[in-house]
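Trainee: Here you go, upload_28.txt (compact mmCIF, C-alpha atoms):
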# COMPACT_ATOMS: atom_id res chain seq x y z
CA MET D 352 0.00 0.00 0.00
CA LYS D 353 1.13 3.53 -0.44
CA THR D 354 3.28 5.76 1.75
CA ILE D 355 1.25 8.61 3.12
CA VAL D 356 3.48 11.60 2.78
CA ASN D 357 4.32 11.49 -0.84
CA THR D 358 4.73 14.28 -3.32
CA ILE D 359 3.50 13.39 -6.76
CA VAL D 360 4.85 15.58 -9.53
CA LEU D 361 2.43 15.91 -12.42
CA SER D 362 2.57 17.59 -15.82
CA ALA D 363 1.02 21.02 -15.97
CA CYS D 364 -1.81 21.36 -18.44
CA MET D 365 -5.24 22.91 -18.78
CA LEU D 366 -8.33 21.46 -17.10
CA ALA D 367 -9.53 18.18 -18.65
CA ALA D 368 -13.05 16.83 -18.67
CA ALA D 369 -13.96 13.47 -17.17
CA SER D 370 -12.15 11.56 -14.45
CA CYS D 371 -10.62 8.18 -15.24
CA GLU D 372 -10.59 4.91 -13.35
CA ILE D 373 -8.03 2.13 -13.12
CA LEU D 374 -9.94 -1.14 -13.41
CA ASP D 375 -9.14 -4.39 -11.66
CA ASN D 376 -9.25 -6.90 -14.52
CA ASP D 377 -8.18 -9.96 -12.52
CA PRO D 378 -11.23 -10.99 -10.47
CA ASP D 379 -9.88 -14.53 -9.98
CA LYS D 380 -7.29 -13.30 -7.52
CA HIS D 381 -10.09 -12.38 -5.11
CA VAL D 382 -11.55 -15.90 -5.10
CA LYS D 383 -10.11 -18.81 -3.14
CA ASP D 384 -9.35 -22.06 -4.94
CA GLU D 385 -11.97 -24.77 -4.40
CA ASP D 386 -9.51 -26.92 -2.44
CA SER D 387 -8.34 -24.01 -0.29
CA THR D 388 -8.96 -23.94 3.44
CA TYR D 389 -11.20 -20.94 4.02
CA VAL D 390 -10.30 -18.81 7.03
CA GLY D 391 -13.24 -16.56 7.87
CA LEU D 392 -13.93 -14.05 10.62
CA GLU D 393 -16.58 -16.20 12.30
CA GLU D 394 -14.30 -19.26 12.31
CA VAL D 395 -11.48 -17.30 13.94
CA ALA D 396 -13.84 -15.84 16.56
CA GLU D 397 -15.08 -19.33 17.43
CA LEU D 398 -11.50 -20.58 17.64
CA LEU D 399 -10.54 -17.80 20.07
CA ALA D 400 -13.62 -18.56 22.16
CA LEU D 401 -12.71 -22.26 22.43
CA ILE D 402 -9.07 -22.00 23.45
CA PRO D 403 -8.28 -21.81 27.20
CA LEU D 404 -7.38 -18.14 27.43
CA LYS D 405 -5.56 -16.96 30.54
CA SER D 406 -4.81 -13.51 31.86
CA SER D 407 -1.32 -13.64 30.31
CA HIS D 408 -2.88 -13.96 26.84
CA VAL D 409 -5.23 -11.05 27.46
CA ASN D 410 -2.24 -9.00 28.61
CA GLU D 411 -0.39 -9.90 25.40
CA VAL D 412 -3.29 -8.64 23.27
CA HIS D 413 -3.58 -5.51 25.38
CA ASP D 414 0.15 -4.82 24.97
CA ALA D 415 -0.21 -5.09 21.20
CA VAL D 416 -3.34 -2.95 20.76
CA THR D 417 -1.93 -0.31 23.11
CA SER D 418 1.25 -0.18 21.04
CA SER D 419 -0.70 0.07 17.77
CA SER D 420 -2.72 2.92 19.20
CA GLY D 421 0.43 4.73 20.32
CA ASN D 422 1.76 4.46 16.77
CA GLY D 423 -1.28 6.27 15.41
CA TYR D 424 -3.22 3.18 14.31
CA ASP D 425 -6.39 1.58 15.63
CA GLU D 426 -6.51 -0.66 18.71
CA GLU D 427 -5.52 -3.72 16.69
CA TYR D 428 -3.38 -6.86 16.80
CA THR D 429 -2.83 -8.41 13.38
CA MET D 430 -2.52 -12.15 12.91
CA LYS D 431 0.81 -11.55 11.21
CA ASP D 432 2.21 -9.90 14.34
CA LEU D 433 0.48 -12.38 16.63
CA PHE D 434 2.34 -15.28 15.01
CA GLU D 435 5.63 -13.60 14.10
CA ARG D 436 6.11 -11.03 16.90
CA PRO D 437 3.89 -11.74 19.92
CA GLY D 438 2.87 -8.53 21.66
CA ALA D 439 3.95 -6.23 18.80
CA GLY D 440 1.61 -3.55 17.55
CA VAL D 441 1.19 -2.19 14.03
CA GLY D 442 4.15 0.08 13.27
CA ASP D 443 6.47 -1.45 15.86
CA LEU D 444 10.02 -2.16 14.75
CA GLU D 445 10.33 -4.36 17.82
CA VAL D 446 8.11 -5.38 20.71
CA ARG D 447 8.03 -2.23 22.81
CA SER D 448 7.29 -3.92 26.11
CA GLY D 449 10.35 -6.13 25.75
CA THR D 450 8.26 -8.92 27.24
CA ILE D 451 9.06 -12.52 26.36
CA TYR D 452 5.76 -14.37 26.56
CA GLU D 453 6.26 -17.86 28.00
CA ASN D 454 3.08 -19.17 26.41
CA PRO D 455 2.08 -16.71 23.68
CA LEU D 456 -1.36 -16.76 22.12
CA ARG D 457 0.03 -18.20 18.88
CA ASP D 458 1.10 -21.39 20.71
CA LEU D 459 -2.36 -21.76 22.20
CA ILE D 460 -3.94 -21.39 18.76
CA LYS D 461 -1.54 -23.88 17.17
CA GLU D 462 -2.15 -26.43 19.92
CA HIS D 463 -5.90 -26.16 19.46
CA VAL D 464 -5.80 -26.40 15.65
CA TYR D 465 -3.52 -29.44 15.68
CA GLY D 466 -5.64 -31.01 18.40
CA MET D 467 -8.84 -30.59 16.38
CA ALA D 468 -7.19 -32.08 13.29
CA ALA D 469 -6.05 -35.12 15.29
CA THR D 470 -9.60 -35.93 16.42
CA ARG D 471 -11.09 -35.85 12.93
CA SER D 472 -10.79 -38.18 10.01
CA ALA D 473 -8.78 -37.16 6.98
CA ASP D 474 -12.00 -36.77 4.98
CA ASP D 475 -13.80 -34.28 7.21
CA GLY D 476 -10.82 -32.69 8.91
CA ILE D 477 -8.69 -29.69 7.96
CA ASP D 478 -5.06 -29.46 7.06
CA PRO D 479 -3.74 -27.67 10.19
CA ASP D 480 -0.54 -26.46 8.51
CA ARG D 481 -2.47 -24.94 5.64
CA PHE D 482 -5.07 -23.43 7.94
CA LEU D 483 -2.41 -21.76 10.09
CA GLU D 484 -0.49 -20.57 7.05
CA GLU D 485 -3.59 -18.91 5.63
CA LEU D 486 -4.47 -17.41 8.99
CA MET D 487 -0.98 -15.91 9.38
CA SER D 488 -1.00 -14.43 5.87
CA SER D 489 -4.56 -13.08 6.04
CA ASP D 490 -5.67 -9.53 6.85
CA ILE D 491 -7.54 -10.79 9.93
CA GLN D 492 -6.85 -9.14 13.28
CA ILE D 493 -8.12 -8.73 16.83
CA TYR D 494 -9.66 -5.30 17.35
CA TRP D 495 -10.22 -4.24 20.96
CA PRO D 496 -12.36 -1.09 21.13
CA PHE D 497 -12.12 1.02 24.28
CA SER D 498 -9.10 -1.05 25.37
CA ASP D 499 -7.74 1.88 27.39
CA SER D 500 -10.57 1.39 29.91
CA TRP D 501 -9.71 -2.26 30.62
CA ASP D 502 -9.32 -2.93 34.35
CA GLY D 503 -6.52 -5.43 33.83
CA GLU D 504 -8.56 -8.39 35.02
CA GLY D 505 -11.73 -8.94 32.98
CA MET D 506 -11.74 -11.68 30.33
CA PRO D 507 -12.93 -10.67 26.86
CA ILE D 508 -16.18 -11.35 25.10
CA ILE D 509 -15.29 -12.44 21.57
CA THR D 510 -17.27 -11.51 18.46
CA TYR D 511 -16.61 -10.73 14.81
CA ASP D 512 -17.50 -8.17 12.17
CA PRO D 513 -20.61 -9.45 10.32
CA GLU D 514 -19.55 -7.23 7.39
CA ASP D 515 -23.17 -6.44 6.54
CA GLY D 516 -23.58 -3.06 8.22
CA SER D 517 -25.19 -4.48 11.36
CA ASP D 518 -24.52 -2.88 14.73
CA LYS D 519 -25.17 -6.11 16.69
CA ASN D 520 -23.80 -9.63 16.39
CA MET D 521 -23.49 -12.88 18.30
CA GLY D 522 -20.59 -13.08 20.73
CA TYR D 523 -19.01 -15.63 23.03
CA ARG D 524 -18.33 -15.16 26.74
CA LEU D 525 -15.97 -17.40 28.70
CA VAL D 526 -17.62 -18.62 31.91
CA VAL D 527 -15.73 -20.21 34.82
CA ASN D 528 -18.16 -22.45 36.69
CA ASP D 529 -18.28 -23.09 40.44
CA ASP D 530 -16.49 -26.42 40.04
CA GLY D 531 -13.65 -24.76 38.12
CA SER D 532 -14.73 -26.03 34.73
CA ARG D 533 -14.99 -23.63 31.84
CA SER D 534 -17.81 -23.12 29.38
CA VAL D 535 -18.79 -20.65 26.67
CA GLU D 536 -22.12 -18.84 26.56
CA SER D 537 -23.57 -16.96 23.60
CA LEU D 538 -24.88 -13.43 23.83
CA VAL D 539 -25.69 -10.45 21.64
CA VAL D 540 -22.88 -7.88 21.45
CA ASP D 541 -23.32 -4.21 20.59
CA GLU D 542 -21.21 -1.09 21.04
CA ALA D 543 -22.71 -0.25 24.44
CA LEU D 544 -21.55 -3.62 25.75
CA ALA D 545 -18.08 -3.05 24.26
CA GLU D 546 -17.84 0.21 26.20
CA ALA D 547 -18.83 -1.50 29.44
CA GLU D 548 -16.86 -4.76 29.15
CA PRO D 549 -13.76 -5.94 27.29
CA VAL D 550 -14.73 -7.12 23.80
CA TRP D 551 -12.48 -8.52 21.10
CA VAL D 552 -13.76 -8.10 17.57
CA VAL D 553 -12.28 -10.30 14.87
CA ASN D 554 -12.22 -8.04 11.79
CA ARG D 555 -10.02 -7.13 8.86
CA ASN D 556 -7.09 -4.77 8.90
CA SER D 557 -7.30 -1.71 6.65
CA ASP D 558 -4.53 0.61 7.82
CA ALA D 559 -1.37 -1.41 8.57
CA GLY D 560 0.03 -0.73 5.11
CA TYR D 561 -0.12 3.04 5.58
CA ALA D 562 2.26 5.31 7.47
CA THR D 563 0.47 7.45 10.04
CA LEU D 564 1.60 10.95 10.95
CA GLU D 565 2.91 9.61 14.24
CA MET D 566 5.17 7.16 12.41
CA LEU D 567 6.34 9.83 9.96
CA ARG D 568 7.23 12.17 12.80
CA ARG D 569 9.46 9.50 14.28
CA GLU D 570 11.13 8.62 11.00
CA ASP D 571 11.87 12.21 9.98
CA PRO D 572 14.16 14.16 12.38
CA ASP D 573 12.45 17.38 11.31
CA TRP D 574 9.30 16.19 13.02
CA GLY D 575 11.11 15.96 16.36
CA GLU D 576 11.81 13.10 18.73
CA GLY D 577 8.88 10.75 19.15
CA GLY D 578 6.35 12.86 17.27
CA GLY D 579 4.38 15.46 19.12
CA THR D 580 3.07 18.62 17.52
CA ILE D 581 6.13 19.98 15.77
CA ILE D 582 5.63 21.86 12.52
CA VAL D 583 8.11 21.35 9.72
CA ARG D 584 9.51 24.70 8.60
CA PRO D 585 10.76 25.33 5.04
CA SER D 586 14.22 23.77 4.72
CA CYS D 587 15.64 25.69 1.73
CA PRO D 588 16.79 29.08 3.06
CA GLU D 589 19.42 29.46 0.33
CA THR D 590 16.84 29.28 -2.44
CA LEU D 591 14.58 31.70 -0.62
CA LYS D 592 17.29 34.38 -0.74
CA THR D 593 16.85 34.64 -4.52
CA ARG D 594 13.18 35.43 -4.16
CA ALA D 595 11.79 38.94 -4.43
CA GLU D 596 9.38 38.35 -1.55
CA VAL D 597 10.51 39.24 1.94
CA SER D 598 8.64 36.31 3.49
CA VAL D 599 7.19 32.90 2.72
CA LYS D 600 3.79 31.63 3.82
CA SER D 601 2.95 28.05 4.69
CA LEU D 602 -0.41 26.36 5.13
CA ILE D 603 -0.77 24.19 8.25
CA LEU D 604 -3.67 21.96 9.23
CA LYS D 605 -3.64 22.38 13.01
CA ASP D 606 -6.36 20.00 14.15
CA PHE D 607 -8.98 17.58 12.89
CA THR D 608 -12.35 16.74 14.49
CA MET D 609 -14.56 13.85 13.38
CA ASN D 610 -18.21 14.48 14.17
CA ARG D 611 -19.50 11.03 13.20
CA SER D 612 -18.09 7.61 12.40
CA TYR D 613 -18.31 6.40 8.83
CA ASP D 614 -18.33 2.66 9.49
CA THR D 615 -20.05 0.33 11.94
CA TRP D 616 -18.32 -0.08 15.28
CA PHE D 617 -17.30 -3.64 14.32
CA ALA D 618 -15.03 -2.18 11.60
CA GLY D 619 -13.14 0.00 14.06
CA ALA D 620 -11.72 3.47 13.60
CA SER D 621 -12.21 5.76 10.63
CA GLU D 622 -9.17 6.28 8.38
CA PHE D 623 -9.17 9.70 6.76
CA PHE D 624 -6.89 10.85 3.97
CA VAL D 625 -6.21 14.56 3.74
CA LYS D 626 -4.99 15.55 0.27
CA THR D 627 -3.87 18.95 -1.00
CA GLY D 628 -2.99 19.89 -4.57
CA SER D 629 -0.99 23.07 -5.10
CA VAL D 630 1.81 24.75 -7.04
CA GLU D 631 4.59 25.38 -4.54
CA ASP D 632 6.99 28.32 -4.77
CA PHE D 633 5.21 29.81 -7.79
CA THR D 634 6.90 33.03 -8.99
CA ALA D 635 6.37 32.99 -12.79
CA SER D 636 6.10 36.42 -14.41
CA THR D 637 5.20 35.31 -17.97
CA GLU D 638 2.95 32.69 -19.52
CA ALA D 639 6.04 30.98 -20.98
CA GLU D 640 7.35 30.36 -17.46
CA LEU D 641 4.24 28.30 -16.63
CA ARG D 642 5.94 25.32 -18.24
CA LEU D 643 8.61 25.42 -15.55
CA TYR D 644 6.11 24.55 -12.81
CA SER D 645 4.28 21.36 -11.94
CA PRO D 646 1.62 20.85 -9.27
CA THR D 647 2.25 18.64 -6.26
CA ILE D 648 0.02 16.58 -3.97
CA THR D 649 0.52 16.07 -0.24
CA ASP D 650 -1.32 13.10 1.21
CA PHE D 651 -1.66 12.35 4.94
CA LEU D 652 -3.48 9.66 6.90
CA ILE D 653 -5.19 10.32 10.21
CA VAL D 654 -6.86 7.49 12.17
CA VAL D 655 -9.73 8.60 14.42
CA LYS D 656 -11.00 6.10 16.99
CA ARG D 657 -14.67 5.90 17.85
CA SER D 658 -13.91 7.13 21.36
CA GLN D 659 -12.52 10.33 19.79
CA ILE D 660 -15.74 11.49 18.09
CA GLY D 661 -16.12 15.23 18.64
CA GLU D 662 -12.60 15.57 20.04
CA PRO D 663 -10.19 17.95 18.24
CA LEU D 664 -7.07 15.92 17.44
CA PRO D 665 -3.76 17.74 16.92
CA PHE D 666 -2.70 17.30 13.29
CA ASN D 667 -0.07 20.01 12.79
CA ALA D 668 0.97 18.91 9.32
CA MET D 669 2.21 21.21 6.59
CA LEU D 670 -0.05 21.03 3.55
CA VAL D 671 1.70 23.71 1.47
CA SER D 672 5.20 24.73 2.52
CA ASP D 673 5.70 27.68 0.16
CA TRP D 674 2.51 29.53 -0.71
CA THR D 675 3.43 32.61 -2.72
CA GLY D 676 1.23 35.61 -3.35
CA GLN D 677 0.62 34.46 -6.92
CA MET D 678 -1.12 31.22 -5.95
CA THR D 679 -4.76 32.05 -5.38
CA HIS D 680 -6.37 28.62 -4.87
CA CYS D 681 -5.33 25.11 -3.88
CA ALA D 682 -7.33 21.91 -4.29
CA PHE D 683 -8.36 20.15 -1.09
CA MET D 684 -9.95 16.78 -0.46
CA ILE D 685 -10.84 14.61 2.54
CA THR D 686 -11.84 10.95 2.08
CA GLU D 687 -12.62 8.14 4.49
CA ASP D 688 -11.02 4.93 3.28
CA ASP D 689 -13.28 2.11 2.15
CA GLY D 690 -11.16 0.49 -0.55
CA GLY D 691 -12.14 -0.33 -4.10
CA THR D 692 -10.46 0.40 -7.40
CA ILE D 693 -8.27 3.46 -7.88
CA THR D 694 -10.01 6.43 -9.45
CA GLU D 695 -9.06 10.12 -9.68
CA TRP D 696 -10.52 13.52 -8.98
CA ASN D 697 -9.62 16.01 -11.70
CA CYS D 698 -9.24 19.39 -10.03
CA THR D 699 -7.27 22.61 -10.40
CA ALA D 700 -4.97 24.89 -8.49
CA LEU D 701 -5.11 28.51 -9.64
CA VAL D 702 -2.24 30.98 -10.02
CA ARG D 703 -2.08 34.57 -11.21
CA ILE D 704 0.27 36.21 -13.70
CA ALA D 705 -0.17 39.89 -14.53
CA SER D 706 -3.76 39.94 -13.24
CA LYS D 707 -4.71 36.83 -15.27
CA SER D 708 -5.63 33.51 -13.66
CA TYR D 709 -4.27 30.20 -14.93
CA GLY D 710 -5.27 26.69 -13.90
CA PHE D 711 -3.00 23.73 -13.30
CA GLU D 712 -4.74 20.39 -13.69
CA ILE D 713 -4.21 18.02 -10.77
CA LYS D 714 -5.35 14.41 -10.58
CA ILE D 715 -5.81 13.36 -6.97
CA PRO D 716 -6.19 9.57 -6.55
CA PHE D 717 -8.67 7.93 -4.20
CA ASN D 718 -10.53 4.62 -3.92
CA SER D 719 -13.84 4.10 -5.69
CA ARG D 720 -15.65 3.02 -2.51
CA ASP D 721 -14.21 5.81 -0.34
CA ASP D 722 -16.58 8.23 1.36
CA VAL D 723 -15.78 11.68 0.00
CA VAL D 724 -16.10 13.84 3.09
CA TRP D 725 -15.32 17.13 1.31
CA ARG D 726 -13.58 18.32 -1.83
CA GLY D 727 -13.19 21.67 -3.50
CA GLN D 728 -10.92 24.69 -3.77
CA LEU D 729 -9.55 26.74 -0.88
CA SER D 730 -8.66 30.32 -1.71
CA SER D 731 -5.76 32.19 -0.17
CA ARG D 732 -8.15 34.99 0.78
CA TRP D 733 -10.44 32.59 2.70
CA LEU D 734 -7.56 30.81 4.39
CA GLU D 735 -5.97 34.02 5.63
CA ALA D 736 -9.31 35.41 6.81
CA ASN D 737 -10.06 32.19 8.72
CA SER D 738 -6.58 31.34 9.99
CA ASN D 739 -6.84 29.67 13.44
CA LEU D 740 -10.65 29.51 13.21
CA VAL D 741 -12.63 26.28 13.16
CA GLY D 742 -14.22 25.55 9.78
CA HIS D 743 -16.90 22.98 8.96
CA PHE D 744 -16.19 20.58 6.09
CA GLY D 745 -18.95 18.00 5.81
CA ASP D 746 -18.83 15.82 8.92
CA VAL D 747 -15.41 17.03 10.08
CA ASP D 748 -14.19 20.29 11.58
CA LEU D 749 -10.78 21.65 10.62
CA THR D 750 -8.55 24.44 11.87
CA PHE D 751 -6.11 25.85 9.32
CA GLU D 752 -3.27 28.23 10.07
CA VAL D 753 -1.40 30.42 7.62
CA VAL D 754 2.12 30.86 8.98
CA GLU D 755 4.45 33.53 7.63
CA TYR D 756 8.20 33.14 7.97
CA ASP D 757 10.57 36.08 7.51
CA GLN D 758 13.67 35.49 5.45
Now that the file is in, can you turn its structure into structure tokens?
Mentor:
Amino acid sequence: MKTIVNTIVLSACMLAAASCEILDNDPDKHVKDEDSTYVGLEEVAELLALIPLKSSHVNEVHDAVTSSSGNGYDEEYTMKDLFERPGAGVGDLEVRSGTIYENPLRDLIKEHVYGMAATRSADDGIDPDRFLEELMSSDIQIYWPFSDSWDGEGMPIITYDPEDGSDKNMGYRLVVNDDGSRSVESLVVDEALAEAEPVWVVNRNSDAGYATLEMLRREDPDWGEGGGTIIVRPSCPETLKTRAEVSVKSLILKDFTMNRSYDTWFAGASEFFVKTGSVEDFTASTEAELRLYSPTITDFLIVVKRSQIGEPLPFNAMLVSDWTGQMTHCAFMITEDDGGTITEWNCTALVRIASKSYGFEIKIPFNSRDDVVWRGQLSSRWLEANSNLVGHFGDVDLTFEVVEYDQ
């Protein structure tokens, strides 16, 4: 999947008509072979409900989802990490806790799968090696909503994403009987129950392949140690000295507020992509010089958990680093990721030369099933007039800041 902060350089040309779509012409790759062991969400939920979970296993999952959350992802523990790096969260280079789990959850799962295979005949049984291989390579994960409110003792109720838009589903609760035996009872699980008690949802991962802002801040020294809310300043002072302007303006998105979730609670957090198309450092004085400039796109991911609805989240990312007085409009788009084929939004950024406006065509990619939260043009006049004020963009609220740096 793509890296989130990427700058795509495109050819400058006049506004075109219709958008285009990249089609997926290989439908067979989405269908399992007839002799393949199918690993589904319900099957994995039932498996987790049947194995003899102990507090050490719940702690392992909590370590992982807490680490994922700290890295800017959802409260999730992928099957890949569960089998290859017990206790590691999405984005971890190593297991943060440093804990060596004596009996990790993967061993419990393997023991159960091999045990089931041994009790069945070859005709009606499963190939345990193949089942485990498919499980490890799948996009299945354990999602633990509201994990930060866990008391450290309660055992989880286990359910799965029905993937049909429902807000309720059957779940499994582990019961320890008076005689010490263990049994599993069925119950209906909804979001209110998940807020009150620990609930594991077996669902599919949708964000592990992306780099969150938190991860980018750690990778890039300019973002500062360990992330935080550090703004990247322009890093080319030598080139700025050749400019006629006495200052350079930058466009910052300070914070981001989600006012509603876009998916059912079983699917987890909402993943928003914030995309800006602009012509950086534009100083052309003639029409001929237009050919020297190409538009760019900045593309950031922000993951908003369901518990963060209505809460302004610090974003502090630079959308346009060098906004000159000649650029009058940038293109701006917010989508909530839902997958699908790659399509494009044809849009324009506007610049001015000698009192005439010129448009640069920009093609901003997004997925065909994405929810388009907002898209349109932002003018320099509006941005400066509303700098540091909350603006409403569909179902999200944004605070922009226009920052001016003296040379």
Trainee: Taking into account only C-alpha atoms, which residue in the set D:Leu459, D:Ala439, D:Val540, D:Met609 is nearest to D:Pro513?
Mentor: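 Of D:Leu459, D:Ala439, D:Val540, D:Met609, the one nearest D:Pro513 is D:Val540, counting only C-alpha atoms.
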Trainee: Do you have the atom CA of D:Glu565-atom CA of D:Asp722 distance handy?
Mentor: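 Value for the atom CA of D:Glu565-atom CA of D:Asp722 distance: 23.4 Å.
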Trainee: Which value, in Å to one decimal, gives the distance between atom CA of D:Gly423 and atom CA of D:Thr608?
Mentor: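 Going from atom CA of D:Gly423 over to atom CA of D:Thr608 covers 15.3 Å.
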Trainee: In Å, with one decimal, what is the gap from atom CA of D:Tyr613 to atom CA of D:Gly421?
Mentor: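 Those two atoms sit 22.0 Å apart.
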Trainee: May I have the protein, DNA and RNA residues with any atom at most 10 Å from the point (-13.2, 6.8, 23.0), counting only C-alpha atoms, written as a PyMOL selection string?
Mentor: chain D and resi 496-500+546+655-662
Trainee: Which polymer residues have any atom within 6 Å of an atom of D:Trp725, counting all atoms listed in the file, with same-chain residues fewer than 5 positions away left out, as a PyMOL selection string?
Mentor: chain D and resi 684-685+744-745
Trainee: Could you dump the residues just selected with C-alpha atoms as a short mmCIF file (atom, residue, chain, number, x, y, z; two decimals), keeping the file's coordinate frame?
Mentor:
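Output file again.cif follows:
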data_model
loop_
_atom_site.label_atom_id
_atom_site.label_comp_id
_atom_site.auth_asym_id
_atom_site.auth_seq_id
_atom_site.Cartn_x
_atom_site.Cartn_y
_atom_site.Cartn_z
CA MET D 684 -9.95 16.78 -0.46
CA ILE D 685 -10.84 14.61 2.54
CA PHE D 744 -16.19 20.58 6.09
CA GLY D 745 -18.95 18.00 5.81
#
Trainee: Which residue gives the smallest distance to D:Ile648 among D:Leu483, D:Leu398, D:Ile715, D:Val702, with all atoms listed in the file counted?
Mentor: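 For D:Ile648, the nearest of the given residues is D:Ile715.
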Trainee: Hey, could you pull the box centre and edge lengths for stretch 417-420 of chain D, axis-aligned, 8 Å padding per side, all listed atoms, to one decimal in Å, as lines of an AutoDock Vina configuration file?
Mentor:
center_x = -0.7
center_y = 1.3
center_z = 20.4
size_x = 20.0
size_y = 19.2
size_z = 21.3
Trainee: Let me make sure I understand: among D:Leu643, D:Val441, D:Leu740, D:Leu701, which one has the smallest atom-to-atom distance to D:Gln728 if we use only C-alpha atoms?
Mentor: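 Comparing D:Leu643, D:Val441, D:Leu740, D:Leu701 against D:Gln728, the winner is D:Leu701.
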Trainee: Near D:Phe624, counting only C-alpha atoms, which residues have an atom at most 7 Å away, once you skip same-chain residues fewer than 4 positions from it, shown as a PyMOL selection string?
Mentor: chain D and resi 650-653+685-687
Trainee: Find the spatial neighbours of D:Asp515, counting all atoms listed in the file, within a cut-off of 12 Å - ignore same-chain residues fewer than 2 positions away - and output them as a list of chain:residue names.
Mentor: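 Listed by chain and then number, they are D:Tyr511, D:Asp512, D:Pro513, D:Ser517, D:Asp518, D:Lys519, D:Asn520, D:Asp614, D:Thr615, D:Trp616, D:Phe617, D:Ala618.
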Trainee: What's the 6 Å shell around D:Asp414, counting all atoms listed in the file, without same-chain residues fewer than 3 positions away, as a count of residues only?
Mentor: 3
Trainee: What's around D:Gly690 at 9 Å? Count all atoms listed in the file, leave out sequence neighbours fewer than 4 positions away in its own chain, and write the answer as an mmCIF file with C-alpha atoms, keeping the file's coordinate frame.
Mentor:
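For reference, around.cif as written:
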data_model
loop_
_atom_site.group_PDB
_atom_site.id
_atom_site.type_symbol
_atom_site.label_atom_id
_atom_site.label_comp_id
_atom_site.auth_asym_id
_atom_site.auth_seq_id
_atom_site.Cartn_x
_atom_site.Cartn_y
_atom_site.Cartn_z
ATOM 1 C CA SER D 557 -7.300 -1.710 6.650
ATOM 2 C CA PHE D 717 -8.670 7.930 -4.200
ATOM 3 C CA ASN D 718 -10.530 4.620 -3.920
ATOM 4 C CA SER D 719 -13.840 4.100 -5.690
ATOM 5 C CA ARG D 720 -15.650 3.020 -2.510
ATOM 6 C CA ASP D 721 -14.210 5.810 -0.340
#
